[in-house]
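Here is the file entry.txt (compact mmCIF, N, CA and C atoms).
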```txt
# COMPACT_ATOMS: atom_id res chain seq x y z
N LYS S 516 1.11 27.09 9.09
CA LYS S 516 0.85 26.34 10.31
C LYS S 516 -0.47 26.76 10.93
N ARG S 517 -0.71 28.06 10.93
CA ARG S 517 -1.94 28.56 11.55
C ARG S 517 -3.18 28.00 10.85
N GLY S 518 -3.16 28.00 9.52
CA GLY S 518 -4.30 27.49 8.77
C GLY S 518 -4.55 26.01 9.02
N ARG S 519 -3.47 25.25 9.10
CA ARG S 519 -3.61 23.81 9.39
C ARG S 519 -4.21 23.58 10.77
N ARG S 520 -3.82 24.42 11.71
CA ARG S 520 -4.32 24.30 13.08
C ARG S 520 -5.76 24.80 13.20
N ASP S 521 -6.07 25.90 12.50
CA ASP S 521 -7.34 26.58 12.73
C ASP S 521 -8.50 26.15 11.82
N SER S 522 -8.21 25.64 10.64
CA SER S 522 -9.32 25.29 9.74
C SER S 522 -10.23 24.19 10.33
N PRO S 523 -9.70 23.20 11.06
CA PRO S 523 -10.62 22.25 11.70
C PRO S 523 -11.55 22.91 12.73
N LYS S 524 -11.06 23.92 13.45
CA LYS S 524 -11.91 24.65 14.39
C LYS S 524 -13.09 25.29 13.67
N ILE S 525 -12.80 25.89 12.53
CA ILE S 525 -13.85 26.55 11.76
C ILE S 525 -14.85 25.51 11.25
N ALA S 526 -14.36 24.39 10.76
CA ALA S 526 -15.25 23.33 10.27
C ALA S 526 -16.18 22.84 11.38
N LYS S 527 -15.64 22.59 12.55
CA LYS S 527 -16.47 22.13 13.67
C LYS S 527 -17.54 23.16 14.01
N ARG S 528 -17.17 24.43 14.00
CA ARG S 528 -18.14 25.49 14.33
C ARG S 528 -19.21 25.61 13.25
N LEU S 529 -18.83 25.46 11.99
CA LEU S 529 -19.83 25.48 10.91
C LEU S 529 -20.87 24.40 11.13
N VAL S 530 -20.42 23.21 11.49
CA VAL S 530 -21.35 22.10 11.75
C VAL S 530 -22.24 22.43 12.94
N GLU S 531 -21.66 22.94 14.03
CA GLU S 531 -22.45 23.31 15.22
C GLU S 531 -23.54 24.32 14.88
N LEU S 532 -23.24 25.24 13.98
CA LEU S 532 -24.19 26.29 13.61
C LEU S 532 -25.16 25.88 12.51
N GLY S 533 -25.00 24.67 11.96
CA GLY S 533 -25.86 24.21 10.88
C GLY S 533 -25.48 24.77 9.52
N TRP S 534 -24.22 25.15 9.36
CA TRP S 534 -23.74 25.75 8.11
C TRP S 534 -22.80 24.80 7.36
N GLN S 535 -22.95 23.52 7.53
CA GLN S 535 -22.09 22.61 6.79
C GLN S 535 -22.34 22.80 5.29
N PRO S 536 -21.27 22.96 4.52
CA PRO S 536 -21.47 23.14 3.08
C PRO S 536 -21.87 21.85 2.39
N SER S 537 -22.74 21.99 1.40
CA SER S 537 -23.06 20.83 0.56
C SER S 537 -22.10 20.78 -0.63
N HIS S 538 -21.49 21.91 -0.94
CA HIS S 538 -20.55 21.99 -2.06
C HIS S 538 -19.49 23.04 -1.73
N VAL S 539 -18.29 22.83 -2.26
CA VAL S 539 -17.18 23.76 -2.05
C VAL S 539 -16.63 24.17 -3.41
N VAL S 540 -16.48 25.47 -3.60
CA VAL S 540 -15.70 25.98 -4.74
C VAL S 540 -14.44 26.56 -4.12
N SER S 541 -13.30 26.13 -4.63
CA SER S 541 -12.03 26.47 -3.98
C SER S 541 -10.97 26.81 -5.00
N SER S 542 -10.11 27.72 -4.62
CA SER S 542 -8.88 27.93 -5.36
C SER S 542 -8.16 26.59 -5.44
N ASP S 543 -7.37 26.43 -6.48
CA ASP S 543 -6.63 25.18 -6.61
C ASP S 543 -5.22 25.26 -6.01
N ALA S 544 -4.96 26.29 -5.23
CA ALA S 544 -3.66 26.42 -4.57
C ALA S 544 -3.47 25.31 -3.54
N THR S 545 -2.23 24.95 -3.30
CA THR S 545 -1.93 23.90 -2.34
C THR S 545 -2.53 24.19 -0.97
N ARG S 546 -2.41 25.42 -0.52
CA ARG S 546 -2.90 25.72 0.84
C ARG S 546 -4.41 25.61 0.95
N THR S 547 -5.17 25.91 -0.12
CA THR S 547 -6.62 25.74 -0.02
C THR S 547 -7.03 24.28 -0.19
N THR S 548 -6.30 23.53 -0.99
CA THR S 548 -6.63 22.10 -1.09
C THR S 548 -6.37 21.41 0.24
N GLU S 549 -5.30 21.78 0.92
CA GLU S 549 -5.03 21.24 2.26
C GLU S 549 -6.11 21.68 3.25
N THR S 550 -6.53 22.92 3.13
CA THR S 550 -7.55 23.45 4.04
C THR S 550 -8.83 22.66 3.94
N ILE S 551 -9.33 22.43 2.73
CA ILE S 551 -10.59 21.72 2.61
C ILE S 551 -10.45 20.26 3.03
N GLU S 552 -9.30 19.66 2.81
CA GLU S 552 -9.09 18.29 3.29
C GLU S 552 -9.17 18.23 4.81
N LEU S 553 -8.56 19.19 5.48
CA LEU S 553 -8.60 19.23 6.94
C LEU S 553 -10.00 19.53 7.46
N MET S 554 -10.72 20.39 6.77
CA MET S 554 -12.08 20.73 7.19
C MET S 554 -13.03 19.56 6.97
N ALA S 555 -12.91 18.89 5.83
CA ALA S 555 -13.85 17.82 5.47
C ALA S 555 -13.86 16.69 6.48
N GLU S 556 -12.75 16.48 7.16
CA GLU S 556 -12.69 15.44 8.18
C GLU S 556 -13.70 15.68 9.31
N HIS S 557 -14.15 16.92 9.46
CA HIS S 557 -15.05 17.28 10.56
C HIS S 557 -16.50 17.47 10.11
N PHE S 558 -16.76 17.28 8.82
CA PHE S 558 -18.12 17.39 8.31
C PHE S 558 -18.76 16.01 8.32
N PRO S 559 -19.93 15.85 8.95
CA PRO S 559 -20.61 14.56 8.96
C PRO S 559 -20.91 14.04 7.55
N GLU S 560 -21.23 14.95 6.65
CA GLU S 560 -21.47 14.59 5.25
C GLU S 560 -20.41 15.30 4.42
N LYS S 561 -19.68 14.55 3.62
CA LYS S 561 -18.61 15.12 2.81
C LYS S 561 -19.20 15.95 1.67
N PRO S 562 -18.82 17.22 1.57
CA PRO S 562 -19.32 18.03 0.46
C PRO S 562 -18.58 17.68 -0.83
N SER S 563 -19.22 17.94 -1.95
CA SER S 563 -18.51 17.84 -3.22
C SER S 563 -17.58 19.05 -3.30
N VAL S 564 -16.47 18.90 -3.99
CA VAL S 564 -15.47 19.97 -4.06
C VAL S 564 -15.07 20.19 -5.51
N GLU S 565 -15.02 21.45 -5.90
CA GLU S 565 -14.59 21.84 -7.24
C GLU S 565 -13.44 22.82 -7.09
N PHE S 566 -12.28 22.46 -7.62
CA PHE S 566 -11.11 23.34 -7.58
C PHE S 566 -11.09 24.18 -8.86
N ILE S 567 -11.00 25.50 -8.68
CA ILE S 567 -11.09 26.43 -9.80
C ILE S 567 -9.87 27.35 -9.77
N GLY S 568 -9.04 27.23 -10.77
CA GLY S 568 -7.82 28.02 -10.84
C GLY S 568 -8.07 29.52 -10.79
N ALA S 569 -9.18 29.97 -11.35
CA ALA S 569 -9.48 31.41 -11.38
C ALA S 569 -9.75 31.98 -9.99
N LEU S 570 -9.97 31.13 -9.00
CA LEU S 570 -10.22 31.64 -7.64
C LEU S 570 -8.94 31.97 -6.88
N TYR S 571 -7.80 31.68 -7.48
CA TYR S 571 -6.53 32.07 -6.85
C TYR S 571 -6.38 33.58 -7.03
N HIS S 572 -6.28 34.31 -5.93
CA HIS S 572 -6.24 35.78 -5.93
C HIS S 572 -7.43 36.38 -6.68
N ALA S 573 -8.57 35.76 -6.52
CA ALA S 573 -9.78 36.18 -7.21
C ALA S 573 -10.41 37.40 -6.55
N GLY S 574 -11.22 38.07 -7.34
CA GLY S 574 -12.06 39.15 -6.87
C GLY S 574 -13.51 38.76 -7.05
N LEU S 575 -14.38 39.76 -6.97
CA LEU S 575 -15.81 39.49 -7.03
C LEU S 575 -16.22 38.86 -8.36
N ARG S 576 -15.67 39.28 -9.43
CA ARG S 576 -16.05 38.74 -10.75
C ARG S 576 -15.81 37.23 -10.82
N GLU S 577 -14.63 36.80 -10.38
CA GLU S 577 -14.31 35.36 -10.42
C GLU S 577 -15.19 34.57 -9.46
N LEU S 578 -15.47 35.15 -8.29
CA LEU S 578 -16.36 34.49 -7.33
C LEU S 578 -17.77 34.39 -7.92
N GLU S 579 -18.25 35.48 -8.51
CA GLU S 579 -19.56 35.45 -9.14
C GLU S 579 -19.64 34.37 -10.22
N ASP S 580 -18.61 34.28 -11.06
CA ASP S 580 -18.60 33.26 -12.12
C ASP S 580 -18.65 31.85 -11.53
N ALA S 581 -17.88 31.62 -10.47
CA ALA S 581 -17.84 30.29 -9.85
C ALA S 581 -19.18 29.92 -9.22
N VAL S 582 -19.79 30.84 -8.51
CA VAL S 582 -21.07 30.57 -7.85
C VAL S 582 -22.20 30.48 -8.86
N ASN S 583 -22.18 31.35 -9.83
CA ASN S 583 -23.22 31.38 -10.86
C ASN S 583 -23.31 30.05 -11.61
N ALA S 584 -22.20 29.36 -11.74
CA ALA S 584 -22.16 28.09 -12.47
C ALA S 584 -22.66 26.90 -11.67
N GLN S 585 -23.01 27.10 -10.41
CA GLN S 585 -23.38 25.97 -9.55
C GLN S 585 -24.86 25.61 -9.71
N PRO S 586 -25.14 24.31 -9.66
CA PRO S 586 -26.55 23.88 -9.73
C PRO S 586 -27.29 24.28 -8.46
N ASP S 587 -28.57 24.47 -8.61
CA ASP S 587 -29.37 24.99 -7.50
C ASP S 587 -29.69 23.97 -6.42
N HIS S 588 -29.35 22.71 -6.63
CA HIS S 588 -29.64 21.71 -5.59
C HIS S 588 -28.67 21.80 -4.41
N PHE S 589 -27.65 22.63 -4.49
CA PHE S 589 -26.75 22.84 -3.35
C PHE S 589 -27.33 23.94 -2.47
N PRO S 590 -27.77 23.61 -1.25
CA PRO S 590 -28.33 24.65 -0.40
C PRO S 590 -27.27 25.59 0.21
N THR S 591 -26.06 25.07 0.40
CA THR S 591 -25.00 25.87 1.03
C THR S 591 -23.70 25.64 0.27
N ILE S 592 -23.06 26.74 -0.12
CA ILE S 592 -21.78 26.65 -0.83
C ILE S 592 -20.71 27.35 0.01
N LEU S 593 -19.59 26.68 0.15
CA LEU S 593 -18.42 27.28 0.80
C LEU S 593 -17.47 27.71 -0.31
N ALA S 594 -17.14 28.98 -0.33
CA ALA S 594 -16.15 29.50 -1.27
C ALA S 594 -14.85 29.67 -0.50
N LEU S 595 -13.81 29.01 -0.98
CA LEU S 595 -12.54 28.99 -0.27
C LEU S 595 -11.48 29.64 -1.14
N GLY S 596 -10.88 30.72 -0.62
CA GLY S 596 -9.90 31.45 -1.42
C GLY S 596 -8.95 32.27 -0.58
N HIS S 597 -8.52 33.37 -1.16
CA HIS S 597 -7.41 34.13 -0.61
C HIS S 597 -7.72 35.62 -0.53
N ASN S 598 -6.99 36.28 0.32
CA ASN S 598 -7.04 37.73 0.39
C ASN S 598 -6.01 38.32 -0.54
N PRO S 599 -6.18 39.56 -0.97
CA PRO S 599 -7.16 40.55 -0.52
C PRO S 599 -8.53 40.40 -1.17
N GLY S 600 -8.67 39.51 -2.13
CA GLY S 600 -9.92 39.39 -2.87
C GLY S 600 -11.13 39.03 -2.04
N TRP S 601 -10.98 38.09 -1.11
CA TRP S 601 -12.14 37.64 -0.34
C TRP S 601 -12.66 38.75 0.56
N GLN S 602 -11.79 39.49 1.17
CA GLN S 602 -12.18 40.60 2.03
C GLN S 602 -12.98 41.62 1.22
N ASP S 603 -12.51 41.91 0.02
CA ASP S 603 -13.21 42.84 -0.86
C ASP S 603 -14.56 42.28 -1.28
N CYS S 604 -14.64 40.99 -1.54
CA CYS S 604 -15.91 40.37 -1.92
C CYS S 604 -16.95 40.53 -0.82
N ILE S 605 -16.55 40.29 0.41
CA ILE S 605 -17.48 40.46 1.53
C ILE S 605 -18.01 41.88 1.57
N HIS S 606 -17.10 42.83 1.43
CA HIS S 606 -17.50 44.24 1.45
C HIS S 606 -18.47 44.57 0.31
N ARG S 607 -18.14 44.11 -0.88
CA ARG S 607 -18.98 44.45 -2.03
C ARG S 607 -20.33 43.73 -2.01
N LEU S 608 -20.37 42.52 -1.46
CA LEU S 608 -21.64 41.78 -1.40
C LEU S 608 -22.54 42.25 -0.26
N THR S 609 -21.95 42.58 0.89
CA THR S 609 -22.76 42.91 2.07
C THR S 609 -22.76 44.39 2.42
N GLY S 610 -21.79 45.13 1.91
CA GLY S 610 -21.66 46.54 2.30
C GLY S 610 -20.93 46.72 3.62
N GLU S 611 -20.51 45.61 4.23
CA GLU S 611 -19.79 45.68 5.51
C GLU S 611 -18.32 45.35 5.29
N PHE S 612 -17.47 46.01 6.05
CA PHE S 612 -16.04 45.73 5.96
C PHE S 612 -15.64 44.84 7.12
N GLU S 613 -15.04 43.72 6.79
CA GLU S 613 -14.51 42.80 7.79
C GLU S 613 -13.11 42.40 7.38
N GLU S 614 -12.20 42.45 8.33
CA GLU S 614 -10.85 41.98 8.05
C GLU S 614 -10.86 40.46 8.01
N MET S 615 -10.26 39.93 6.97
CA MET S 615 -10.16 38.47 6.83
C MET S 615 -8.71 38.07 7.03
N THR S 616 -8.47 37.26 8.04
CA THR S 616 -7.14 36.70 8.26
C THR S 616 -7.24 35.19 8.08
N THR S 617 -6.15 34.49 8.28
CA THR S 617 -6.08 33.06 8.04
C THR S 617 -7.22 32.29 8.72
N ALA S 618 -7.91 31.48 7.94
CA ALA S 618 -8.97 30.57 8.39
C ALA S 618 -10.22 31.27 8.91
N ASN S 619 -10.43 32.53 8.58
CA ASN S 619 -11.67 33.21 8.94
C ASN S 619 -12.78 32.75 7.99
N ALA S 620 -14.01 32.81 8.47
CA ALA S 620 -15.16 32.47 7.63
C ALA S 620 -16.24 33.53 7.80
N ALA S 621 -16.78 33.98 6.69
CA ALA S 621 -17.89 34.93 6.69
C ALA S 621 -19.14 34.15 6.31
N LEU S 622 -20.12 34.13 7.20
CA LEU S 622 -21.37 33.42 6.95
C LEU S 622 -22.35 34.44 6.38
N MET S 623 -22.76 34.23 5.14
CA MET S 623 -23.61 35.20 4.45
C MET S 623 -24.83 34.51 3.85
N THR S 624 -25.95 35.23 3.79
CA THR S 624 -27.17 34.70 3.19
C THR S 624 -27.77 35.73 2.25
N ILE S 625 -28.64 35.22 1.38
CA ILE S 625 -29.45 36.07 0.52
C ILE S 625 -30.68 35.27 0.11
N GLU S 626 -31.81 35.93 0.00
CA GLU S 626 -33.02 35.27 -0.49
C GLU S 626 -32.99 35.29 -2.01
N ALA S 627 -33.00 34.12 -2.62
CA ALA S 627 -32.98 34.03 -4.07
C ALA S 627 -33.50 32.66 -4.49
N ASP S 628 -33.97 32.56 -5.71
CA ASP S 628 -34.49 31.30 -6.23
C ASP S 628 -33.41 30.41 -6.81
N SER S 629 -32.23 30.97 -7.08
CA SER S 629 -31.16 30.20 -7.68
C SER S 629 -29.82 30.86 -7.32
N TRP S 630 -28.74 30.10 -7.51
CA TRP S 630 -27.41 30.68 -7.27
C TRP S 630 -27.15 31.80 -8.27
N ALA S 631 -27.58 31.61 -9.50
CA ALA S 631 -27.39 32.66 -10.51
C ALA S 631 -28.10 33.94 -10.10
N GLN S 632 -29.32 33.82 -9.61
CA GLN S 632 -30.06 35.00 -9.17
C GLN S 632 -29.41 35.62 -7.94
N ALA S 633 -28.93 34.79 -7.04
CA ALA S 633 -28.32 35.29 -5.81
C ALA S 633 -27.09 36.14 -6.10
N ILE S 634 -26.31 35.69 -7.05
CA ILE S 634 -25.03 36.35 -7.29
C ILE S 634 -25.17 37.53 -8.26
N THR S 635 -26.22 37.56 -9.06
CA THR S 635 -26.35 38.64 -10.05
C THR S 635 -27.51 39.58 -9.76
N SER S 636 -28.15 39.45 -8.62
CA SER S 636 -29.36 40.24 -8.34
C SER S 636 -29.09 41.68 -7.94
N HIS S 637 -27.87 42.01 -7.61
CA HIS S 637 -27.50 43.36 -7.15
C HIS S 637 -28.16 43.73 -5.82
N ARG S 638 -28.76 42.73 -5.17
CA ARG S 638 -29.26 42.96 -3.82
C ARG S 638 -28.13 42.65 -2.86
N LYS S 639 -28.17 43.25 -1.69
CA LYS S 639 -27.13 43.02 -0.69
C LYS S 639 -27.35 41.68 0.00
N TRP S 640 -26.25 40.98 0.20
CA TRP S 640 -26.24 39.78 1.02
C TRP S 640 -26.23 40.24 2.48
N THR S 641 -26.65 39.38 3.37
CA THR S 641 -26.60 39.66 4.81
C THR S 641 -25.42 38.92 5.41
N LEU S 642 -24.57 39.67 6.09
CA LEU S 642 -23.47 39.05 6.82
C LEU S 642 -24.03 38.62 8.17
N VAL S 643 -24.18 37.33 8.34
CA VAL S 643 -24.80 36.77 9.55
C VAL S 643 -23.79 36.73 10.69
N GLU S 644 -22.58 36.28 10.39
CA GLU S 644 -21.58 36.12 11.45
C GLU S 644 -20.20 35.96 10.83
N MET S 645 -19.21 36.43 11.56
CA MET S 645 -17.81 36.17 11.21
C MET S 645 -17.27 35.14 12.18
N LEU S 646 -16.62 34.13 11.64
CA LEU S 646 -15.98 33.13 12.49
C LEU S 646 -14.48 33.37 12.42
N ARG S 647 -13.89 33.55 13.58
CA ARG S 647 -12.45 33.76 13.70
C ARG S 647 -11.91 32.72 14.68
N PRO S 648 -10.93 31.93 14.25
CA PRO S 648 -10.43 30.86 15.10
C PRO S 648 -10.01 31.32 16.50
N ARG S 649 -9.42 32.49 16.59
CA ARG S 649 -8.95 32.95 17.91
C ARG S 649 -10.12 33.21 18.88
N GLU S 650 -11.33 33.36 18.34
CA GLU S 650 -12.50 33.61 19.18
C GLU S 650 -13.24 32.32 19.54
N LEU S 651 -12.79 31.19 19.00
CA LEU S 651 -13.45 29.91 19.25
C LEU S 651 -12.67 29.12 20.27
N SER S 652 -13.42 28.41 21.10
CA SER S 652 -12.72 27.54 22.06
C SER S 652 -12.33 26.26 21.36
N ASP S 653 -11.32 25.59 21.89
CA ASP S 653 -10.85 24.33 21.29
C ASP S 653 -11.77 23.18 21.52
```
What would the structure in this file look like if it were written as structure tokens?
Amino acid sequence: KRGRRDSPKIAKRLVELGWQPSHVVSSDATRTTETIELMAEHFPEKPSVEFIGALYHAGLRELEDAVNAQPDHFPTILALGHNPGWQDCIHRLTGEFEEMTTANAALMTIEADSWAQAITSHRKWTLVEMLRPRELSD
């Protein structure tokens, strides 16, 4: 229930901040497919979506594989998945520990010429902001 209620809040905030995804890589679990459907209703431009079974309970390796396979014409990718893997990915990519609960979003950047370079460069990503539904107004 919380995810259904809160994912639209996160989508609206992503748009406000200029972080609308051009593409989504998502676990193929029912709850993530519902999440992206609810979020997409609030994106002015509908992102392309790729459901990847390996992202269910994924860790950094599976996330790296999913992102590495993406074409470079996508300026922003939303990776949608589950904990504990996503929380660990944030830590390993940025060096920062953030608790991830339902419908949280970690906004991260890295300077790179391609998605493959971004994910395999061994440079740290920058955690720009954490979005938590309870901290957003309706």
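Restricting the calculation to only C-alpha atoms, the smallest distance between Cys604 of chain S and any of S:Asp543, S:Glu531, S:Glu650, S:Glu577 is found for S:Glu577.
Among the candidate residues S:Ser636, S:Thr548, S:Ser522, S:Ser542, the one lying nearest to Gly568 of chain S is S:Ser542, with distances computed using all atoms listed in the file.
With distances restricted to all atoms listed in the file, S:Leu646 is the closest residue to Ala621 of chain S from S:Ile634, S:Leu553, S:Leu646, S:Leu651.
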Legend entry - Surrounding residues of Leu529 of chain S excluding itself and chain neighbours under 5 positions, 12 Å, only C-alpha atoms, as an MDAnalysis selection string: chainID S and resid 522:524 534:537 554:555 557:559 591:593 619:622 644:648 651
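All residues of segment 566-647 of chain S that DSSP, run on the backbone, classes as alpha helix (DSSP H) are S:Leu575, S:Arg576, S:Glu577, S:Leu578, S:Glu579, S:Asp580, S:Ala581, S:Val582, S:Asn583, S:Gly600, S:Trp601, S:Gln602, S:Asp603, S:Cys604, S:Ile605, S:His606, S:Arg607, S:Leu608, S:Thr609, S:Trp630, S:Ala631, S:Gln632, S:Ala633, S:Ile634, S:Thr635.
Atom C of Thr609 of chain S is found 13.9 Å from atom C of Thr635 of chain S.
Comparing the minimum interatomic distances between Pro599 of chain S and each of S:Ala627, S:Ala618, S:Ile551, S:Ala573, counting only N, CA and C atoms, we find that S:Ala573 sits nearest.
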Legend entry - From S:Ala544, S:Val643, S:Ala631, S:Ile525, residue lying nearest Pro586 of chain S [all atoms listed in the file]: S:Ala631
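Closest approach to Gly600 of chain S from the set S:Glu614, S:Glu626, S:Glu556, S:Glu549 is made by S:Glu614, with distances taken over only C-alpha atoms.
Atom pair atom N of Leu642 of chain S / atom CA of Arg546 of chain S: separated by 26.3 Å.
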Counting only C-alpha atoms, which residues come within 10 Å of (-12.2, 42.8, -0.5), with the point read in the file's coordinates, and could you list them as a compact mmCIF listing (two decimals) with N, CA and C atoms, in the coordinates of the input?
```
# COMPACT_ATOMS: atom_id res chain seq x y z
N ALA S 573 -8.57 35.76 -6.52
CA ALA S 573 -9.78 36.18 -7.21
C ALA S 573 -10.41 37.40 -6.55
N GLY S 574 -11.22 38.07 -7.34
CA GLY S 574 -12.06 39.15 -6.87
C GLY S 574 -13.51 38.76 -7.05
N LEU S 575 -14.38 39.76 -6.97
CA LEU S 575 -15.81 39.49 -7.03
C LEU S 575 -16.22 38.86 -8.36
N HIS S 597 -8.52 33.37 -1.16
CA HIS S 597 -7.41 34.13 -0.61
C HIS S 597 -7.72 35.62 -0.53
N ASN S 598 -6.99 36.28 0.32
CA ASN S 598 -7.04 37.73 0.39
C ASN S 598 -6.01 38.32 -0.54
N PRO S 599 -6.18 39.56 -0.97
CA PRO S 599 -7.16 40.55 -0.52
C PRO S 599 -8.53 40.40 -1.17
N GLY S 600 -8.67 39.51 -2.13
CA GLY S 600 -9.92 39.39 -2.87
C GLY S 600 -11.13 39.03 -2.04
N TRP S 601 -10.98 38.09 -1.11
CA TRP S 601 -12.14 37.64 -0.34
C TRP S 601 -12.66 38.75 0.56
N GLN S 602 -11.79 39.49 1.17
CA GLN S 602 -12.18 40.60 2.03
C GLN S 602 -12.98 41.62 1.22
N ASP S 603 -12.51 41.91 0.02
CA ASP S 603 -13.21 42.84 -0.86
C ASP S 603 -14.56 42.28 -1.28
N CYS S 604 -14.64 40.99 -1.54
CA CYS S 604 -15.91 40.37 -1.92
C CYS S 604 -16.95 40.53 -0.82
N ILE S 605 -16.55 40.29 0.41
CA ILE S 605 -17.48 40.46 1.53
C ILE S 605 -18.01 41.88 1.57
N HIS S 606 -17.10 42.83 1.43
CA HIS S 606 -17.50 44.24 1.45
C HIS S 606 -18.47 44.57 0.31
N ARG S 607 -18.14 44.11 -0.88
CA ARG S 607 -18.98 44.45 -2.03
C ARG S 607 -20.33 43.73 -2.01
N LEU S 608 -20.37 42.52 -1.46
CA LEU S 608 -21.64 41.78 -1.40
C LEU S 608 -22.54 42.25 -0.26
N PHE S 612 -17.47 46.01 6.05
CA PHE S 612 -16.04 45.73 5.96
C PHE S 612 -15.64 44.84 7.12
N GLU S 613 -15.04 43.72 6.79
CA GLU S 613 -14.51 42.80 7.79
C GLU S 613 -13.11 42.40 7.38
N GLU S 614 -12.20 42.45 8.33
CA GLU S 614 -10.85 41.98 8.05
C GLU S 614 -10.86 40.46 8.01
N MET S 615 -10.26 39.93 6.97
CA MET S 615 -10.16 38.47 6.83
C MET S 615 -8.71 38.07 7.03
```
Legend entry - Gap from atom CA of Ile567 of chain S to atom N of Ser541 of chain S - Å, one decimal: 5.6 Å
